[in-house]
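Asker: This one is model.txt, compact mmCIF, C-alpha atoms.
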```txt
# COMPACT_ATOMS: atom_id res chain seq x y z
CA SER A 59 -1.81 22.89 -41.18
CA MET A 60 0.34 25.97 -40.85
CA GLU A 61 3.22 26.27 -38.42
CA PRO A 62 3.15 28.93 -35.67
CA TRP A 63 5.53 31.29 -37.49
CA GLU A 64 3.24 31.24 -40.55
CA LEU A 65 0.19 31.98 -38.42
CA ALA A 66 2.04 34.83 -36.70
CA LEU A 67 3.05 36.34 -40.05
CA ASP A 68 -0.48 36.01 -41.42
CA LEU A 69 -1.94 37.73 -38.39
CA TRP A 70 0.71 40.48 -38.39
CA VAL A 71 -0.14 41.32 -42.00
CA ASP A 72 -3.86 41.26 -41.26
CA LEU A 73 -3.32 43.73 -38.42
CA GLN A 74 -2.32 46.15 -41.21
CA THR A 75 1.01 47.02 -39.68
CA GLN A 76 3.54 49.09 -41.58
CA GLY A 77 6.92 47.80 -40.54
CA TYR A 78 7.97 45.86 -37.49
CA SER A 79 5.93 47.48 -34.72
CA ILE A 80 2.33 48.41 -33.96
CA GLU A 81 0.64 50.64 -31.41
CA GLU A 82 -0.17 48.85 -28.17
CA LYS A 83 -3.71 50.26 -28.10
CA LEU A 84 -4.42 48.79 -31.54
CA VAL A 85 -3.34 45.35 -30.32
CA LEU A 86 -5.71 45.69 -27.35
CA GLN A 87 -8.55 46.53 -29.71
CA ARG A 88 -7.82 43.48 -31.86
CA LEU A 89 -7.39 40.96 -29.03
CA PRO A 90 -10.63 39.06 -29.85
CA GLU A 91 -9.41 38.59 -33.42
CA ILE A 92 -5.98 37.46 -32.22
CA ALA A 93 -7.52 34.97 -29.79
CA ALA A 94 -9.74 33.59 -32.54
CA ARG A 95 -6.66 32.79 -34.63
CA ILE A 96 -5.21 30.41 -32.05
CA PRO A 97 -5.59 26.99 -33.70
CA SER A 98 -7.33 24.15 -31.96
CA PRO A 99 -5.32 20.99 -31.22
CA THR A 100 -5.17 18.52 -34.09
CA LYS A 101 -6.71 15.93 -31.78
CA LYS A 102 -9.44 16.72 -29.29
CA PRO A 103 -9.60 14.02 -26.67
CA SER A 104 -12.39 14.50 -24.17
CA SER A 105 -9.99 14.92 -21.28
CA ASP A 106 -9.77 17.39 -18.44
CA PRO A 107 -6.17 18.46 -19.31
CA MET A 108 -7.23 19.50 -22.80
CA ALA A 109 -10.21 21.45 -21.50
CA ALA A 110 -7.98 23.07 -18.90
CA ALA A 111 -5.49 24.12 -21.59
CA ALA A 112 -8.25 25.69 -23.70
CA ASN A 113 -9.54 27.58 -20.67
CA GLU A 114 -6.01 28.75 -19.81
CA VAL A 115 -5.58 30.17 -23.31
CA MET A 116 -8.87 32.06 -23.13
CA GLN A 117 -7.90 33.54 -19.77
CA LEU A 118 -4.77 35.03 -21.34
CA PHE A 119 -6.96 37.32 -23.45
CA LYS A 120 -9.29 38.48 -20.68
CA PRO A 121 -8.67 41.47 -18.38
CA SER A 122 -7.10 40.55 -15.07
CA LYS A 123 -9.28 40.30 -11.95
CA THR A 124 -7.87 43.63 -10.79
CA GLY A 125 -8.95 45.31 -14.00
CA GLY A 126 -5.50 45.37 -15.54
CA PRO A 127 -4.66 44.42 -19.14
CA PRO A 128 -4.83 40.77 -20.23
CA LEU A 129 -1.80 38.60 -19.56
CA PHE A 130 -1.23 38.23 -23.29
CA MET A 131 -0.23 41.90 -23.37
CA ALA A 132 2.49 41.17 -20.81
CA LEU A 133 3.83 38.43 -23.08
CA LEU A 134 4.10 41.00 -25.86
CA ARG A 135 6.46 43.15 -23.77
CA PRO A 136 5.15 46.52 -25.11
CA GLN A 137 7.66 49.36 -24.94
CA HIS A 138 6.70 53.04 -25.00
CA GLY A 139 3.23 52.27 -26.33
CA ARG A 140 4.32 49.94 -29.12
CA VAL A 141 4.51 46.18 -29.66
CA HIS A 142 7.39 44.83 -31.71
CA PHE A 143 7.03 41.97 -34.18
CA LEU A 144 9.71 39.77 -32.61
CA TYR A 145 7.83 39.75 -29.29
CA PHE A 146 4.52 39.24 -31.09
CA TRP A 147 5.96 36.24 -32.95
CA LYS A 148 7.36 34.80 -29.73
CA ALA A 149 4.21 35.37 -27.64
CA PHE A 150 1.88 34.01 -30.30
CA GLY A 151 3.96 30.84 -30.56
CA GLU A 152 3.93 30.41 -26.77
CA VAL A 153 0.14 30.64 -26.69
CA ILE A 154 -0.16 28.09 -29.49
CA HIS A 155 2.07 25.77 -27.47
CA ILE A 156 -0.14 26.21 -24.39
CA ALA A 157 -3.17 25.42 -26.54
CA GLY A 158 -1.59 22.17 -27.69
CA GLY A 159 -1.25 23.30 -31.29
CA LYS A 160 1.32 22.34 -33.88
CA SER A 161 4.97 23.03 -33.08
CA THR A 162 7.43 24.71 -35.40
CA GLU A 163 9.79 22.23 -37.06
CA GLY A 164 13.07 22.15 -38.93
CA LEU A 165 15.16 25.24 -39.54
CA ALA A 166 12.33 27.55 -38.51
CA ALA A 167 12.41 25.98 -35.04
CA GLU A 168 16.15 26.62 -34.80
CA LEU A 169 15.56 30.22 -35.87
CA GLU A 170 13.00 30.65 -33.11
CA ILE A 171 15.58 29.45 -30.58
CA LEU A 172 18.06 31.96 -32.00
CA ARG A 173 15.41 34.70 -31.82
CA ASP A 174 14.79 33.96 -28.13
CA ARG A 175 18.50 33.96 -27.29
CA LEU A 176 19.03 37.28 -29.07
CA LEU A 177 16.04 38.87 -27.33
CA ARG A 178 17.38 37.64 -24.00
CA ARG A 179 20.76 39.24 -24.70
CA ILE A 180 19.10 42.51 -25.68
CA GLU A 181 17.01 42.47 -22.49
CA GLU A 182 20.09 41.83 -20.36
CA THR A 183 21.87 44.75 -22.02
CA ALA A 184 18.82 46.97 -21.54
CA LEU A 185 18.68 46.05 -17.86
CA GLN A 186 22.33 46.96 -17.42
CA GLN A 187 21.77 50.30 -19.14
CA GLY A 188 18.73 50.97 -16.97
CA GLN A 189 20.65 50.26 -13.79
CA GLU A 190 23.52 52.49 -14.83
CA GLY A 191 21.68 55.38 -16.41
CA GLY A 192 18.14 55.28 -15.06
CA ILE A 193 15.07 53.59 -16.46
CA GLY A 194 13.95 55.22 -19.68
CA PRO A 195 13.87 54.88 -23.46
CA ALA A 196 17.61 54.13 -23.57
CA GLY A 197 17.11 51.24 -21.17
CA SER A 198 14.41 49.38 -23.07
CA PRO A 199 14.89 46.33 -25.30
CA THR A 200 13.45 48.04 -28.37
CA SER A 201 15.99 50.86 -28.20
CA THR A 202 18.99 48.82 -27.10
CA LEU A 203 21.82 48.08 -29.50
CA LEU A 204 23.17 44.55 -29.77
CA PRO A 205 26.89 44.27 -30.54
CA THR A 206 27.46 42.63 -33.90
CA TRP A 207 29.95 40.23 -32.33
CA ALA A 208 27.15 38.97 -30.05
CA LEU A 209 24.96 38.25 -33.08
CA VAL A 210 27.82 36.41 -34.78
CA GLU A 211 28.48 34.45 -31.59
CA GLU A 212 24.86 33.33 -31.35
CA VAL A 213 24.80 32.31 -35.03
CA HIS A 214 27.91 30.18 -34.47
CA ARG A 215 26.24 28.63 -31.43
CA ALA A 216 23.14 27.84 -33.49
CA GLY A 217 25.28 26.19 -36.16
CA SER A 218 27.20 24.09 -33.65
CA MET A 219 23.96 22.55 -32.35
CA SER A 220 22.09 22.43 -35.65
CA ALA A 221 20.86 19.54 -37.75
CA PHE A 222 21.55 21.83 -40.72
CA PRO A 223 25.09 23.18 -40.16
CA ARG A 224 25.61 24.09 -43.82
CA PHE A 225 22.69 26.52 -43.67
CA TRP A 226 24.17 28.27 -40.65
CA GLN A 227 27.58 28.42 -42.30
CA ARG A 228 25.94 30.20 -45.21
CA ALA A 229 24.15 32.54 -42.82
CA SER A 230 27.41 33.27 -41.00
CA ASP A 231 29.19 34.03 -44.28
CA HIS A 232 26.36 36.33 -45.34
CA LEU A 233 26.48 38.09 -41.99
CA ALA A 234 30.21 38.68 -42.20
CA GLY A 235 29.83 40.18 -45.66
CA GLN A 236 26.78 42.36 -45.02
CA LEU A 237 27.00 43.78 -41.51
CA GLN A 238 29.55 46.58 -41.35
CA LEU A 239 28.15 48.18 -38.20
CA GLN A 240 29.48 47.55 -34.72
CA ASP A 241 25.94 47.31 -33.35
CA VAL A 242 22.47 46.45 -34.62
CA ASN A 243 19.13 47.69 -33.30
CA ILE A 244 16.03 45.55 -33.01
CA GLU A 245 14.68 46.74 -36.38
CA GLU A 246 17.86 45.63 -38.17
CA LEU A 247 17.89 42.39 -36.21
CA THR A 248 14.30 41.69 -37.25
CA SER A 249 15.19 42.20 -40.91
CA VAL A 250 18.09 39.76 -40.57
CA LEU A 251 15.96 37.10 -38.84
CA LEU A 252 13.14 37.39 -41.36
CA VAL A 253 15.56 37.13 -44.28
CA TRP A 254 17.01 34.00 -42.69
CA LEU A 255 13.51 32.64 -42.13
CA HIS A 256 12.85 33.20 -45.81
CA ASP A 257 16.16 31.56 -46.72
CA SER A 258 15.41 28.60 -44.45
CA GLN A 259 12.24 27.87 -46.39
CA VAL A 260 14.09 28.18 -49.70
CA TRP A 261 16.80 25.91 -48.32
CA GLU A 262 14.31 23.21 -47.42
CA VAL A 263 12.71 23.46 -50.87
CA GLU A 264 16.13 23.15 -52.50
CA GLN A 265 16.99 20.09 -50.41
CA ARG A 266 13.86 18.38 -51.71
CA MET A 267 14.50 19.37 -55.31
CA GLN A 268 18.22 19.16 -55.93
CA HIS A 269 18.99 15.44 -55.62
CA PRO A 270 19.66 13.85 -59.04
CA SER A 271 17.44 10.86 -58.24
CA GLN A 272 14.47 13.22 -57.95
CA GLY A 273 14.34 14.03 -61.60
CA ILE A 274 17.17 16.43 -62.48
CA ILE A 275 18.04 15.61 -66.09
CA ARG A 276 21.63 16.16 -67.15
CA SER A 277 22.91 15.89 -70.69
CA ASN A 278 26.17 14.00 -71.15
CA SER A 279 26.81 15.34 -74.66
CA VAL A 280 29.17 18.04 -73.45
CA LEU A 281 30.86 15.70 -70.99
CA ASP A 282 31.63 13.25 -73.80
CA GLU A 283 33.54 15.96 -75.65
CA ASP A 284 35.19 17.68 -72.67
CA PRO A 285 36.54 15.58 -69.80
CA GLY A 286 36.74 18.63 -67.50
CA LEU A 287 34.90 19.06 -64.22
CA PRO A 288 31.12 19.36 -64.78
CA VAL A 289 29.38 22.49 -63.49
CA TYR A 290 25.60 22.70 -63.22
CA VAL A 291 23.30 25.66 -62.61
CA HIS A 292 20.05 24.83 -60.80
CA ILE A 293 17.11 27.25 -60.99
CA TYR A 294 14.51 26.84 -58.25
CA ASP A 295 11.00 28.26 -58.64
CA VAL A 296 9.72 28.66 -55.07
CA SER A 297 6.83 30.95 -55.99
CA GLN A 298 4.24 28.30 -55.18
CA GLU A 299 5.54 27.65 -51.66
CA GLU A 300 2.98 29.07 -49.22
CA GLY A 301 5.62 29.92 -46.63
CA ILE A 302 7.65 31.91 -49.17
CA GLN A 303 4.56 33.85 -50.24
CA LYS A 304 3.82 34.82 -46.65
CA LEU A 305 7.38 35.99 -46.02
CA ASN A 306 7.46 38.01 -49.24
CA ARG A 307 4.39 39.89 -48.03
CA ILE A 308 6.51 41.13 -45.12
CA LEU A 309 9.93 41.42 -46.77
CA ALA A 310 8.87 42.88 -50.10
CA HIS A 311 5.66 44.80 -49.47
CA LYS A 312 5.10 47.87 -51.65
CA LYS A 313 5.97 50.40 -48.91
CA SER A 314 9.15 48.70 -47.82
CA PRO A 315 12.22 50.87 -48.55
CA LEU A 316 14.33 47.72 -49.06
CA LYS A 317 13.11 44.65 -50.89
CA PHE A 318 14.10 41.16 -49.84
CA GLY A 319 12.82 37.75 -50.79
CA GLY A 320 11.92 36.73 -54.31
CA VAL A 321 10.65 33.61 -56.03
CA PHE A 322 13.57 32.36 -58.14
CA HIS A 323 16.80 31.12 -56.59
CA ALA A 324 19.90 29.73 -58.26
CA GLY A 325 22.59 27.33 -57.14
CA VAL A 326 25.84 26.41 -58.86
CA GLU A 327 26.88 22.77 -58.40
CA VAL A 328 30.57 21.89 -58.71
CA ASN A 329 31.90 18.39 -58.10
CA GLY A 330 28.70 17.34 -56.37
CA LEU A 331 28.55 20.36 -54.00
CA GLU A 332 26.04 23.15 -54.52
CA PHE A 333 26.78 26.78 -53.77
CA ALA A 334 23.63 28.89 -53.52
CA TYR A 335 23.37 32.53 -54.55
```
Could you take the file, read its structure, and then write that structure out as structure tokens?

Answerer:
Amino acid sequence: SMEPWELALDLWVDLQTQGYSIEEKLVLQRLPEIAARIPSPTKKPSSDPMAAAANEVMQLFKPSKTGGPPLFMALLRPQHGRVHFLYFWKAFGEVIHIAGGKSTEGLAAELEILRDRLLRRIEETALQQGQEGGIGPAGSPTSTLLPTWALVEEVHRAGSMSAFPRFWQRASDHLAGQLQLQDVNIEELTSVLLVWLHDSQVWEVEQRMQHPSQGIIRSNSVLDEDPGLPVYVHIYDVSQEEGIQKLNRILAHKKSPLKFGGVFHAGVEVNGLEFAY
């Protein structure tokens, strides 16, 4: 079964969004479809807690008793009539958790923690701006700039607590080389997080494929002639990975001004250590 981030991406694409935000009124119109995409628990014991959880999820998509919008819309944190993908991803995952569905695992789970910490920092900054300059567009999370140093700080924090520190070191190195701006907005932050989500899936594929005992064949003919340090180039075809295909639909769709993603990845191995490019 698919993980919550995959389900969120699938649904976002099916909502026919162009970019990283969608009109709030369109989300309201599609609420029945969104609710129908919440997966059922893998096990269905005939217990009151499970029935209560299912009922709680359904209530999230119904108008409030006072006639207000459903609670799910509050989870989406719409700003100025639009819903941003990062909040959609977060809210959809929270509802899946309430429903007792599958949890995100591995690097993707660590990325979701990073996403939540970054959104919290943006919200805190937006609140400070609102208090100082009045509530308005400049004081909303979707228009607030996050200092680049804060992003770097959170990436270092993620790496220090990670089960995959080498991945986060690579992400930190990439960040230092690519971000020249003092601040990033939520659109730029979303691009960065989605690229890292893509890279995390490639990373996990590589970890399964790169070990010599798993079938990598190396010729010793050159080594017999040259006693120098062996260098290997590994080519990974990740085109058949379902998660990669989903992410490429977002990161490399035909109307995207910048293309990310891809299906072939290379790594250079020197002295038993692989450096990915």

Asker: Between CA of Glu163 (chain A) and CA of Trp207 (chain A), what is the distance, to one decimal in Å?

Answerer: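 CA of Trp207 (chain A) lies at a distance of 27.4 Å from CA of Glu163 (chain A).
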
Asker: Residues near region 71-86 of chain A, anyone? I mean within 6 Å using all atoms listed in the file, not counting same-chain ones fewer than 6 positions away, as a ChimeraX atom specification.

Answerer: /A:139-143

Asker: Give me the box for region 122-125 of chain A as JSON, namely the centre and edge lengths in Å to one decimal of a box along x, y and z that holds every listed atom plus 4 Å on each side.

Answerer:
```
{"center_x": -8.2, "center_y": 42.8, "center_z": -12.9, "size_x": 10.2, "size_y": 13.0, "size_z": 12.3}
```

Asker: Can you work out the spacing between CA of Ser220 (chain A) and CA of Thr206 (chain A) in Å, to one decimal?

Answerer: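 Atom-to-atom, CA of Ser220 (chain A) to CA of Thr206 (chain A), that is 21.0 Å.
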
Asker: Write out as a list of chain:residue names the residues lying within 8 Å of Leu204 (chain A), counting all atoms listed in the file and excluding same-chain residues fewer than 6 positions away.

Answerer: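 Answer for this query is A:Arg179, A:Ile180, A:Thr183, A:Asp241, A:Val242, A:Asn243, A:Ile244.
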
Asker: Hey, which bits of region 144-202 of chain A sit within 8 Å of region 64-68 of chain A, and for each residue what's the closest pair of atoms and how far apart in Å (one decimal), counting only C-alpha atoms, rows by chain and increasing number, as a Markdown table?

Answerer:
```
| residue | atom | partner | partner_atom | distance |
| --- | --- | --- | --- | --- |
| A:Phe146 | CA | A:Ala66 | CA | 7.6 |
| A:Trp147 | CA | A:Ala66 | CA | 5.6 |
| A:Phe150 | CA | A:Ala66 | CA | 6.5 |
| A:Gly151 | CA | A:Ala66 | CA | 7.6 |
```

Asker: I need the residues from that last selection saved to file as a compact mmCIF listing (two decimals), in the frame of the given file (with C-alpha atoms), if you can.

Answerer:
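Generated file (selection21.txt):
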```txt
# COMPACT_ATOMS: atom_id res chain seq x y z
CA PHE A 146 4.52 39.24 -31.09
CA TRP A 147 5.96 36.24 -32.95
CA PHE A 150 1.88 34.01 -30.30
CA GLY A 151 3.96 30.84 -30.56
```

Asker: Suppose you want the space between CA of Ala94 (chain A) and CA of Pro199 (chain A); what is it in Å?

Answerer: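 Rounded to one decimal, the two atoms are 28.7 Å apart.
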